[in-house]
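Chemist: As input, take model_4.csv (CSV, C-alpha atoms):
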```csv
chain,number,residue,atom,x,y,z
A,1229,MET,CA,14.4,154.7,-45.3
A,1230,VAL,CA,14.3,150.9,-45.6
A,1231,LEU,CA,12.2,150.8,-42.4
A,1232,ALA,CA,9.7,153.3,-43.9
A,1233,VAL,CA,9.4,151.4,-47.1
A,1234,ALA,CA,8.9,148.1,-45.2
A,1235,SER,CA,6.3,149.6,-42.9
A,1236,ALA,CA,4.4,151.1,-45.9
A,1237,ALA,CA,4.4,147.7,-47.6
A,1238,GLY,CA,3.3,145.9,-44.4
A,1239,PHE,CA,0.4,148.4,-43.9
A,1240,GLY,CA,-0.6,147.9,-47.6
A,1241,MET,CA,-0.6,144.1,-47.3
A,1242,ARG,CA,-2.5,144.2,-44.0
A,1243,ARG,CA,-5.2,146.4,-45.5
A,1244,ARG,CA,-5.8,143.7,-48.2
A,1245,GLN,CA,-5.9,140.8,-45.7
A,1246,GLY,CA,-9.3,139.0,-45.8
A,1247,ARG,CA,-10.6,141.1,-48.7
A,1248,PHE,CA,-12.1,139.3,-51.6
A,1249,ARG,CA,-10.7,140.0,-55.1
A,1250,SER,CA,-12.4,138.9,-58.3
A,1251,LEU,CA,-10.6,137.2,-61.1
A,1252,GLY,CA,-10.5,140.5,-63.0
A,1253,GLU,CA,-8.1,142.0,-60.5
A,1254,ALA,CA,-4.3,141.7,-61.1
A,1255,ALA,CA,-3.4,140.0,-57.8
A,1256,VAL,CA,-5.5,136.9,-58.7
A,1257,LEU,CA,-5.0,134.1,-61.1
A,1258,PRO,CA,-5.3,135.1,-64.8
A,1259,SER,CA,-8.8,134.3,-66.0
A,1260,ALA,CA,-7.4,132.2,-68.9
A,1261,ALA,CA,-5.4,129.9,-66.6
A,1262,PRO,CA,-6.5,126.3,-66.5
A,1263,ASP,CA,-6.4,126.7,-62.7
A,1264,ALA,CA,-9.4,129.0,-62.8
A,1265,VAL,CA,-11.8,126.0,-62.6
A,1266,LEU,CA,-11.9,123.4,-59.9
A,1267,THR,CA,-13.7,120.1,-60.0
A,1268,ALA,CA,-15.0,117.8,-57.4
A,1269,ALA,CA,-12.0,115.6,-58.0
A,1270,ASP,CA,-9.7,118.5,-57.3
A,1271,LEU,CA,-11.5,119.3,-54.0
A,1272,GLY,CA,-12.1,115.7,-52.9
A,1273,ALA,CA,-15.7,116.7,-52.3
A,1274,PRO,CA,-18.8,117.6,-54.4
A,1275,LEU,CA,-19.3,121.1,-55.6
A,1276,GLY,CA,-22.4,122.9,-54.4
A,1277,ALA,CA,-25.3,123.1,-56.9
A,1278,ARG,CA,-25.1,127.0,-56.8
A,1279,GLY,CA,-21.6,127.6,-55.5
A,1280,THR,CA,-18.8,126.4,-53.2
A,1281,LEU,CA,-16.7,128.0,-50.5
A,1282,VAL,CA,-13.2,126.5,-50.3
A,1283,GLN,CA,-10.9,127.2,-47.4
A,1284,PHE,CA,-7.2,126.3,-47.4
A,1285,SER,CA,-6.1,125.7,-43.7
A,1286,SER,CA,-3.2,124.5,-41.7
A,1287,GLU,CA,-2.7,123.3,-38.1
A,1288,VAL,CA,-0.6,126.3,-37.1
A,1289,CYS,CA,-3.1,128.8,-38.5
A,1290,ALA,CA,-4.6,131.1,-35.8
A,1291,TYR,CA,-7.5,132.4,-38.0
A,1292,CYS,CA,-8.5,129.1,-39.7
A,1293,GLY,CA,-10.9,128.0,-36.9
A,1294,PRO,CA,-12.9,131.2,-36.9
A,1295,THR,CA,-12.9,131.3,-40.7
A,1296,ARG,CA,-14.1,127.7,-40.8
A,1297,GLU,CA,-17.0,128.5,-38.5
A,1298,LEU,CA,-18.0,131.6,-40.5
A,1299,LEU,CA,-17.9,129.8,-43.9
A,1300,ALA,CA,-19.8,126.8,-42.6
A,1301,GLU,CA,-22.5,129.1,-41.2
A,1302,VAL,CA,-22.8,130.9,-44.5
A,1303,ALA,CA,-23.0,127.7,-46.4
A,1304,ARG,CA,-25.6,126.3,-44.0
A,1305,ASP,CA,-27.8,129.3,-44.5
A,1306,ARG,CA,-27.9,129.2,-48.3
A,1307,ASP,CA,-29.4,126.4,-50.4
A,1308,GLY,CA,-27.0,124.9,-52.9
A,1309,LEU,CA,-23.9,126.4,-51.3
A,1310,ALA,CA,-21.3,123.9,-50.2
A,1311,PHE,CA,-18.2,124.4,-47.9
A,1312,VAL,CA,-15.0,122.4,-48.4
A,1313,GLU,CA,-11.9,122.7,-46.2
A,1314,ILE,CA,-8.6,121.6,-47.6
A,1315,ASP,CA,-5.5,121.0,-45.5
A,1316,ALA,CA,-2.8,123.0,-47.4
A,1317,THR,CA,0.0,120.8,-46.0
A,1318,GLU,CA,-1.6,117.7,-47.4
A,1319,ARG,CA,-2.5,119.2,-50.8
A,1320,PHE,CA,0.8,120.8,-52.0
A,1321,ASP,CA,-0.3,120.0,-55.6
A,1322,LEU,CA,-3.3,122.2,-55.3
A,1323,THR,CA,-1.7,124.9,-53.2
A,1324,ARG,CA,1.1,125.3,-55.8
A,1325,ARG,CA,-1.3,125.2,-58.7
A,1326,LEU,CA,-3.5,127.9,-57.1
A,1327,ARG,CA,-0.7,129.9,-55.6
A,1328,VAL,CA,-1.9,129.6,-52.0
A,1329,PHE,CA,0.9,131.3,-50.0
A,1330,SER,CA,-0.9,131.7,-46.6
A,1331,THR,CA,-3.7,130.3,-44.6
A,1332,PRO,CA,-6.5,130.8,-44.4
A,1333,THR,CA,-7.1,131.4,-48.1
A,1334,VAL,CA,-10.7,131.3,-49.2
A,1335,LEU,CA,-12.0,130.7,-52.7
A,1336,VAL,CA,-15.6,131.4,-53.8
A,1337,LEU,CA,-16.5,129.1,-56.7
A,1338,ALA,CA,-19.4,129.5,-59.0
A,1339,ALA,CA,-21.6,126.4,-59.7
A,1340,ASP,CA,-19.3,125.3,-62.6
A,1341,GLY,CA,-16.2,125.4,-60.3
A,1342,SER,CA,-14.8,128.6,-61.7
A,1343,ILE,CA,-13.1,130.8,-59.2
A,1344,ALA,CA,-15.2,134.0,-58.7
A,1345,GLY,CA,-13.4,135.4,-55.7
A,1346,ARG,CA,-10.4,134.9,-53.5
A,1347,ALA,CA,-9.2,136.2,-50.1
A,1348,SER,CA,-6.1,135.6,-48.0
A,1349,GLY,CA,-6.3,136.1,-44.3
A,1350,ARG,CA,-9.4,136.2,-42.0
A,1351,PRO,CA,-12.3,137.5,-44.0
A,1352,ARG,CA,-15.1,139.7,-42.5
A,1353,LYS,CA,-18.6,138.2,-42.7
A,1354,SER,CA,-19.9,141.1,-44.8
A,1355,ASP,CA,-17.1,140.4,-47.4
A,1356,VAL,CA,-18.0,136.7,-47.5
A,1357,LEU,CA,-21.7,137.5,-47.9
A,1358,ALA,CA,-21.0,140.0,-50.7
A,1359,ALA,CA,-18.8,137.5,-52.5
A,1360,VAL,CA,-21.3,134.7,-52.1
A,1361,GLY,CA,-24.1,137.0,-53.1
A,1362,THR,CA,-22.4,137.8,-56.4
A,1363,VAL,CA,-22.1,134.0,-57.2
A,1364,LEU,CA,-25.6,133.2,-56.1
A,1365,GLY,CA,-27.1,136.2,-57.8
A,1366,GLU,CA,-28.4,137.7,-54.6
A,1367,VAL,CA,-29.1,141.4,-54.3
A,1368,ALA,CA,-27.1,143.2,-51.6
A,1369,GLY,CA,-28.8,142.7,-48.3
A,1370,GLU,CA,-31.1,140.0,-49.6
A,1371,GLY,CA,-29.4,137.0,-48.2
A,1372,ASP,CA,-28.6,137.9,-44.6
A,1373,SER,CA,-29.9,140.7,-42.5
A,1374,GLU,CA,-27.0,140.4,-40.1
A,1375,ALA,CA,-24.5,141.6,-42.7
A,1376,ALA,CA,-25.2,145.2,-42.2
A,1377,GLY,CA,-24.9,145.0,-38.4
A,1378,GLU,CA,-21.5,143.3,-38.3
```
Show how you would write the structure in this file as structure tokens.
Modeler:
Amino acid sequence: MVLAVASAAGFGMRRRQGRFRSLGEAAVLPSAAPDAVLTAADLGAPLGARGTLVQFSSEVCAYCGPTRELLAEVARDRDGLAFVEIDATERFDLTRRLRVFSTPTVLVLAADGSIAGRASGRPRKSDVLAAVGTVLGEVAGEGDSEAAGE
């Protein structure tokens, strides 16, 4: 019985890995929390004019490298979108404040630094593009023709 419950929980958690959740969803920070907005001082880098992708990484993270490459590519392809990588082991203050429990954890910030989306685990390109599109006000399919062919 315990094995069945543990397996079901594991499958459920795995299904959610890499999927972006908006602040309106229960598993994410409450929208009224002071942590829901990040500044350039928090990140140690300037925010993008239209939005910012933030990745929490660690040296022992198998998916951090591919996630870094994906997020950097998406940021390069969109005007006003910045990418910031944070070493979770060096920024315990921020990881605790934002409840980052695994790496990679990706945040999508609006232009004002408010957290618009969050994913833990390796995200799919289509999910990143959808989350970024929401922040940038892009219509689905408008920003990247590769998204559909992933």
Chemist: Of the residues A:Leu1364, A:Leu1275, A:Ala1264, A:Ser1285, which is the one nearest to Glu1318 (chain A), using only C-alpha atoms?
Modeler: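 That would be A:Ser1285, the residue with the smallest distance to Glu1318 (chain A).
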Chemist: In Å, with one decimal, what is the gap from CA of Glu1313 (chain A) to CA of Gly1279 (chain A)?
Modeler: 14.3 Å
Chemist: Hey, which of A:Thr1323, A:Thr1362, A:Thr1280, A:Ser1354 ends up closest to Leu1298 (chain A)? Count only C-alpha atoms.
Modeler: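 When distances to Leu1298 (chain A) are compared using only C-alpha atoms, the smallest one comes from A:Ser1354.
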Chemist: Mind giving me the straight-line distance from CA of Val1328 (chain A) to CA of Leu1299 (chain A) in Å, one decimal?
Modeler: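 One can read the CA of Val1328 (chain A) to CA of Leu1299 (chain A) distance as 17.9 Å.
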Chemist: May I have the residues within 6 Å of region 1330-1337 of chain A as a list of chain:residue names, using all atoms listed in the file and disregarding those fewer than 6 positions away in the same chain?
Modeler: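 Everything that qualifies: A:Gly1279, A:Thr1280, A:Leu1281, A:Val1282, A:Gln1283, A:Phe1284, A:Ser1285, A:Cys1292, A:Ile1343, A:Ala1344, A:Gly1345, A:Arg1346, A:Ala1347, A:Ser1348, A:Gly1349.
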Chemist: To one decimal in Å, tell me the separation between CA of Ala1339 (chain A) and CA of Arg1278 (chain A).
Modeler: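 Interatomic distance, CA of Ala1339 (chain A) to CA of Arg1278 (chain A): 4.6 Å.
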Chemist: So which residues touch Thr1267 (chain A) within 6 Å, counting all atoms listed in the file, skipping near sequence neighbours fewer than 2 positions away, as an MDAnalysis selection string?
Modeler: chainID A and resid 1269:1270 1341
Chemist: Counting only C-alpha atoms, which of A:Val1360, A:Gly1365, A:Arg1327, A:Arg1319 gets nearest to Leu1271 (chain A)?
Modeler: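 Looking at the shortest contact to Leu1271 (chain A), the residue is A:Arg1319.
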Chemist: Give the answer as one residue: which of A:Ala1358, A:Val1363, A:Ala1316, A:Leu1326 has the shortest atom-to-atom distance to Cys1289 (chain A), using all atoms listed in the file?
Modeler: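 Closest candidate: A:Ala1316.
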Chemist: With a distance cut-off of 8 Å and only C-alpha atoms, select the neighbouring residues of Asp1355 (chain A), excluding the residue or stretch itself and same-chain residues fewer than 3 positions from it, and output the selection as a short mmCIF file (atom, residue, chain, number, x, y, z; two decimals) with C-alpha atoms, keeping the file's coordinate frame.
Modeler:
```cif
data_model
loop_
_atom_site.label_atom_id
_atom_site.label_comp_id
_atom_site.auth_asym_id
_atom_site.auth_seq_id
_atom_site.Cartn_x
_atom_site.Cartn_y
_atom_site.Cartn_z
CA ARG A 1247 -10.60 141.10 -48.70
CA PHE A 1248 -12.10 139.30 -51.60
CA PRO A 1351 -12.30 137.50 -44.00
CA ARG A 1352 -15.10 139.70 -42.50
CA ALA A 1358 -21.00 140.00 -50.70
CA ALA A 1359 -18.80 137.50 -52.50
#
```
